[in-house]
Every structure is written in structure tokens, then in C-alpha cells.
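The structure under discussion appears below in the form of C-alpha cells.
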Amino acid sequence: VISWRKGPIVPESKTKRAIKAVLSSAVWVLDRGADLARAGRGPQSKAVVLLYHDVADSEVAAFERHVSFLRRRYDVLPLAELHTSASGSRPRVSLTFDDALASFGSNAISVLAQHSTPATLFVPSGLIAASEPGYMTPDAVKALPPYIEVGSHSRLHRRLSTLDDAELGSEVAGSKVELEEMLGRPVSSFAFPFGDTNARVEQHTAASGYDRTYSVRPGTVTQQRHGVPRTTLEPSESLFELRLKADGAYRWMGVLMAARRRFLGHNV
Ligand SMILES: [Zn+2]
């Protein structure tokens, strides 16, 4: 039985969320100060990858508000283009969705289509191939429109740093083969389940031919194509939080997470 998600996800407490939003507002204000200091040369636009999981039936309207807000204020780009796009006057974002939950097919995709918005779906190929309940079906993944990039999210959504080489090969290289056979096209991006990774896992992803790999640490996108930061959010979050996140103001959290990892030897 493959079930990594036992019971509902416990939402982050309101207090914790509010504290993070206040600290991020301070970063946002400092960023605007820096923009002013560059007077005349215009603001330096940032690039940010946002990460959603579930879009529950009750969250479709909220998610639609997110997408329409992003379309008005940002250049919403396909993920691969975010790395090559030039810094323009508008900030740039890409949308990603992890886990290929059934709600992506039933709820998220129609909103994305309505707003002609590209996105990347990171798919745990083994869970999909096994038609696990709660996930998209293989047919639904195959039927995704061309503006939805499919990336790998391993096969079975295990903590990759805990696996031996054979298991790691199956989860990383095996997932690429499985997805490419399912879709009939190349798969070149990989998102680490739980953001869990280390040097050995990264060797496996590079050796398996993935061009780009994605973490779950908030931050802004640079030239770097491996361990690319992503900022997690939920459709229920306010447009205020969405804006702070899409402007990269939560990147201080990524710095803390990286420091904790170095200090404790933990994987984030
Ligand atoms: Zn995941």
C-alpha cells in the first residue's frame, strides 16, 4: 500500500502564517527601498517559482482569484522559460503543482485554461501508474494540454536521502523512463519529494538526464538550474500573501532553511 499522506494535511497555524507575512512585508518594503535607490534605472524584476499542491472543490474560486491577480501584475511564464527570460519591467513567476492530485485535473486545470496560464505538474509516476486513489489517472495525465509541462516527482514519493542506490535509481531514473513512456515525450525537470535531497541524490538526478531540479525552499530564481527555489502556498492564502510570495519576499525563510540544514545536517 502506497500512502504517504496519512489523513488531511494539517494547515499551518494562523499565528505562524501571520508572523511570516509580517516579516516578509518588511523584506518587501526593503526591496522597494532598493528599487528607489536605483532611481531612473527602474525596478529590478525578480523571478519566482510558486508551488501549489491541492486545489480543493471549496478553493476553486480562491485559486481563480490567485491566477487572475498573477496574470494582471506578473509575466506568468512556462517554467523552462523562467530560467532564460530577461529581467523586464514586470516581475516574473511560474506556477508549479506537486503530486498530480485528482484535484489538479478536476479543479486547477480549468482555471489555468480559462486564463491561458502555463504551469508545470510534478508527477509521482509510480503512484499514477498504479491508479492510486486521490491521484490523477494515467489517462488524465496523458490528456494534459501542451501548456502544462509534466516533470517528475519520483515514482513513489519517498524520502530520497534515505534510499540505497538501487532504490534511488528506480525513483529517479525509473520515473523519467516511466513518464516518458506514458507521455511519449521527453521529461527534463524533477522536483524532490518533501524537498528532501543531498549530494548523492543530486548526482542521481544529474546522471539521469534531468536538466532542471526543484526544491521546496522559498527564494528567487537565478541562473542556477539545480535545487531551484520554490515558494509553497495554498489557494486559501490572501492576495496580500500571494503578492509577497510572488515578489520573493519570503526568501529569508529559504536562507533559514539552508542554514538549518548546514547546522543540523538535516534535509529540508
Ligand atoms: Zn510531493
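How things are named: the first chain in the C-alpha cells is A, the next is B, and so on; residues count from 1 in each chain; ligands count from 1 in the order shown.
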message: Can you tell me, as an MDAnalysis selection string, which residues in stretch 54-186 of chain A count as strand (DSSP E or B) by DSSP?
response: chainID A and resid 75:76 92:98 101 119:123 135 148:152
- request: Collect all residues with atoms no farther than 10 Å from ligand 1, counting only C-alpha atoms and all ligand atoms, and output them as an MDAnalysis selection string.
  value: chainID A and resid 4:5 52:53 97:101 122:124 153:154 156:158 191:195 216
- request: Tell me which protein, DNA and RNA residues are within 10 Å of A:Asp139, counting only C-alpha atoms, leaving out same-chain ones fewer than 5 positions away, and put them as a list of chain:residue names.
  value: A:Ile128, A:Ala129, A:Ser131, A:Leu144, A:Met182, A:Leu183
- request: Would you return as a PyMOL selection string the members of stretch 38-132 of chain A that DSSP assigns to alpha helix (DSSP H) on this structure's backbone?
  value: chain A and resi 60-73+79-84+102-103+109-114+125-129
Residues within 10 Å of A:Ala143, please, as a PDB file with all heavy atoms, in the first residue's frame. Count only C-alpha atoms; anything in the same chain fewer than 5 positions from it doesn't count.
```
ATOM      1  N   GLY A 105      -6.613  17.812 -11.928  1.00  0.00           N
ATOM      2  CA  GLY A 105      -7.404  17.548 -13.129  1.00  0.00           C
ATOM      3  C   GLY A 105      -8.813  18.090 -13.033  1.00  0.00           C
ATOM      4  O   GLY A 105      -9.358  18.625 -14.006  1.00  0.00           O
ATOM      5  N   THR A 137      -5.529  10.002 -12.919  1.00  0.00           N
ATOM      6  CA  THR A 137      -5.381   8.721 -13.607  1.00  0.00           C
ATOM      7  C   THR A 137      -4.315   8.865 -14.698  1.00  0.00           C
ATOM      8  O   THR A 137      -4.030   9.981 -15.142  1.00  0.00           O
ATOM      9  CB  THR A 137      -6.704   8.304 -14.280  1.00  0.00           C
ATOM     10  OG1 THR A 137      -7.008   9.297 -15.278  1.00  0.00           O
ATOM     11  CG2 THR A 137      -7.850   8.213 -13.276  1.00  0.00           C
ATOM     12  N   PRO A 138      -3.719   7.737 -15.146  1.00  0.00           N
ATOM     13  CA  PRO A 138      -2.756   7.837 -16.253  1.00  0.00           C
ATOM     14  C   PRO A 138      -3.376   8.518 -17.478  1.00  0.00           C
ATOM     15  O   PRO A 138      -2.712   9.326 -18.128  1.00  0.00           O
ATOM     16  CB  PRO A 138      -2.406   6.373 -16.551  1.00  0.00           C
ATOM     17  CG  PRO A 138      -2.711   5.635 -15.288  1.00  0.00           C
ATOM     18  CD  PRO A 138      -3.847   6.366 -14.644  1.00  0.00           C
ATOM     19  N   LEU A 183       3.926   9.407 -21.682  1.00  0.00           N
ATOM     20  CA  LEU A 183       3.582  10.636 -22.406  1.00  0.00           C
ATOM     21  C   LEU A 183       4.059  10.643 -23.850  1.00  0.00           C
ATOM     22  O   LEU A 183       3.550  11.412 -24.668  1.00  0.00           O
ATOM     23  CB  LEU A 183       4.201  11.849 -21.698  1.00  0.00           C
ATOM     24  CG  LEU A 183       3.763  12.090 -20.257  1.00  0.00           C
ATOM     25  CD1 LEU A 183       4.696  13.070 -19.578  1.00  0.00           C
ATOM     26  CD2 LEU A 183       2.333  12.609 -20.223  1.00  0.00           C
TER      27      LEU A 183
END
```
message: Could you list, as a PyMOL selection string, every residue within 10 Å of A:Leu77, counting only C-alpha atoms and ignoring same-chain residues fewer than 6 positions away?
response: chain A and resi 47+49+83+85+92-95+117-119
Take the residues from that selection and put them in a file with N, CA and C atoms, as an mmCIF file, in the first residue's frame.
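That gives us part.cif:
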```
data_model
loop_
_atom_site.group_PDB
_atom_site.id
_atom_site.type_symbol
_atom_site.label_atom_id
_atom_site.label_comp_id
_atom_site.auth_asym_id
_atom_site.auth_seq_id
_atom_site.Cartn_x
_atom_site.Cartn_y
_atom_site.Cartn_z
ATOM 1 N N ALA A 47 12.399 36.800 -10.386
ATOM 2 C CA ALA A 47 11.713 35.624 -10.921
ATOM 3 C C ALA A 47 11.499 34.639 -9.777
ATOM 4 N N VAL A 49 9.342 30.924 -8.478
ATOM 5 C CA VAL A 49 8.525 29.741 -8.773
ATOM 6 C C VAL A 49 7.588 29.502 -7.592
ATOM 7 N N HIS A 83 14.035 30.482 -16.604
ATOM 8 C CA HIS A 83 15.493 30.482 -16.427
ATOM 9 C C HIS A 83 16.197 31.293 -17.508
ATOM 10 N N SER A 85 14.544 33.835 -19.364
ATOM 11 C CA SER A 85 13.898 35.119 -19.630
ATOM 12 C C SER A 85 14.751 36.265 -19.084
ATOM 13 N N ARG A 92 8.497 38.240 -12.790
ATOM 14 C CA ARG A 92 8.158 37.001 -13.483
ATOM 15 C C ARG A 92 7.866 35.884 -12.477
ATOM 16 N N VAL A 93 6.845 35.100 -12.784
ATOM 17 C CA VAL A 93 6.559 33.919 -11.954
ATOM 18 C C VAL A 93 6.259 32.717 -12.849
ATOM 19 N N SER A 94 6.476 31.531 -12.270
ATOM 20 C CA SER A 94 5.997 30.289 -12.879
ATOM 21 C C SER A 94 5.197 29.536 -11.833
ATOM 22 N N LEU A 95 4.169 28.844 -12.291
ATOM 23 C CA LEU A 95 3.343 28.059 -11.375
ATOM 24 C C LEU A 95 3.724 26.590 -11.475
ATOM 25 N N THR A 117 -2.962 30.119 -18.855
ATOM 26 C CA THR A 117 -1.794 30.200 -17.980
ATOM 27 C C THR A 117 -0.997 28.901 -18.000
ATOM 28 N N PRO A 118 0.299 28.965 -18.348
ATOM 29 C CA PRO A 118 1.108 27.761 -18.352
ATOM 30 C C PRO A 118 1.457 27.331 -16.927
ATOM 31 N N ALA A 119 1.731 26.060 -16.746
ATOM 32 C CA ALA A 119 2.122 25.551 -15.423
ATOM 33 C C ALA A 119 2.899 24.258 -15.618
#
```
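With only C-alpha atoms as the basis for measurement, A:Leu244 is the residue among A:Leu244, A:Ala62, A:Ala37, A:Ala199 that approaches A:Leu50 most closely.
For the set A:Ala18, A:Val29, A:Leu82, A:Val60, the residue with the smallest atom-to-atom gap to A:Gln224 is A:Leu82, counting only C-alpha atoms.
With atom CA of A:Lys176 on one side and atom CA of A:Asn107 on the other, the separation reads 26.0 Å.
Put simply, atom CA of A:Val150 is 17.5 Å away from atom CA of A:Val111.
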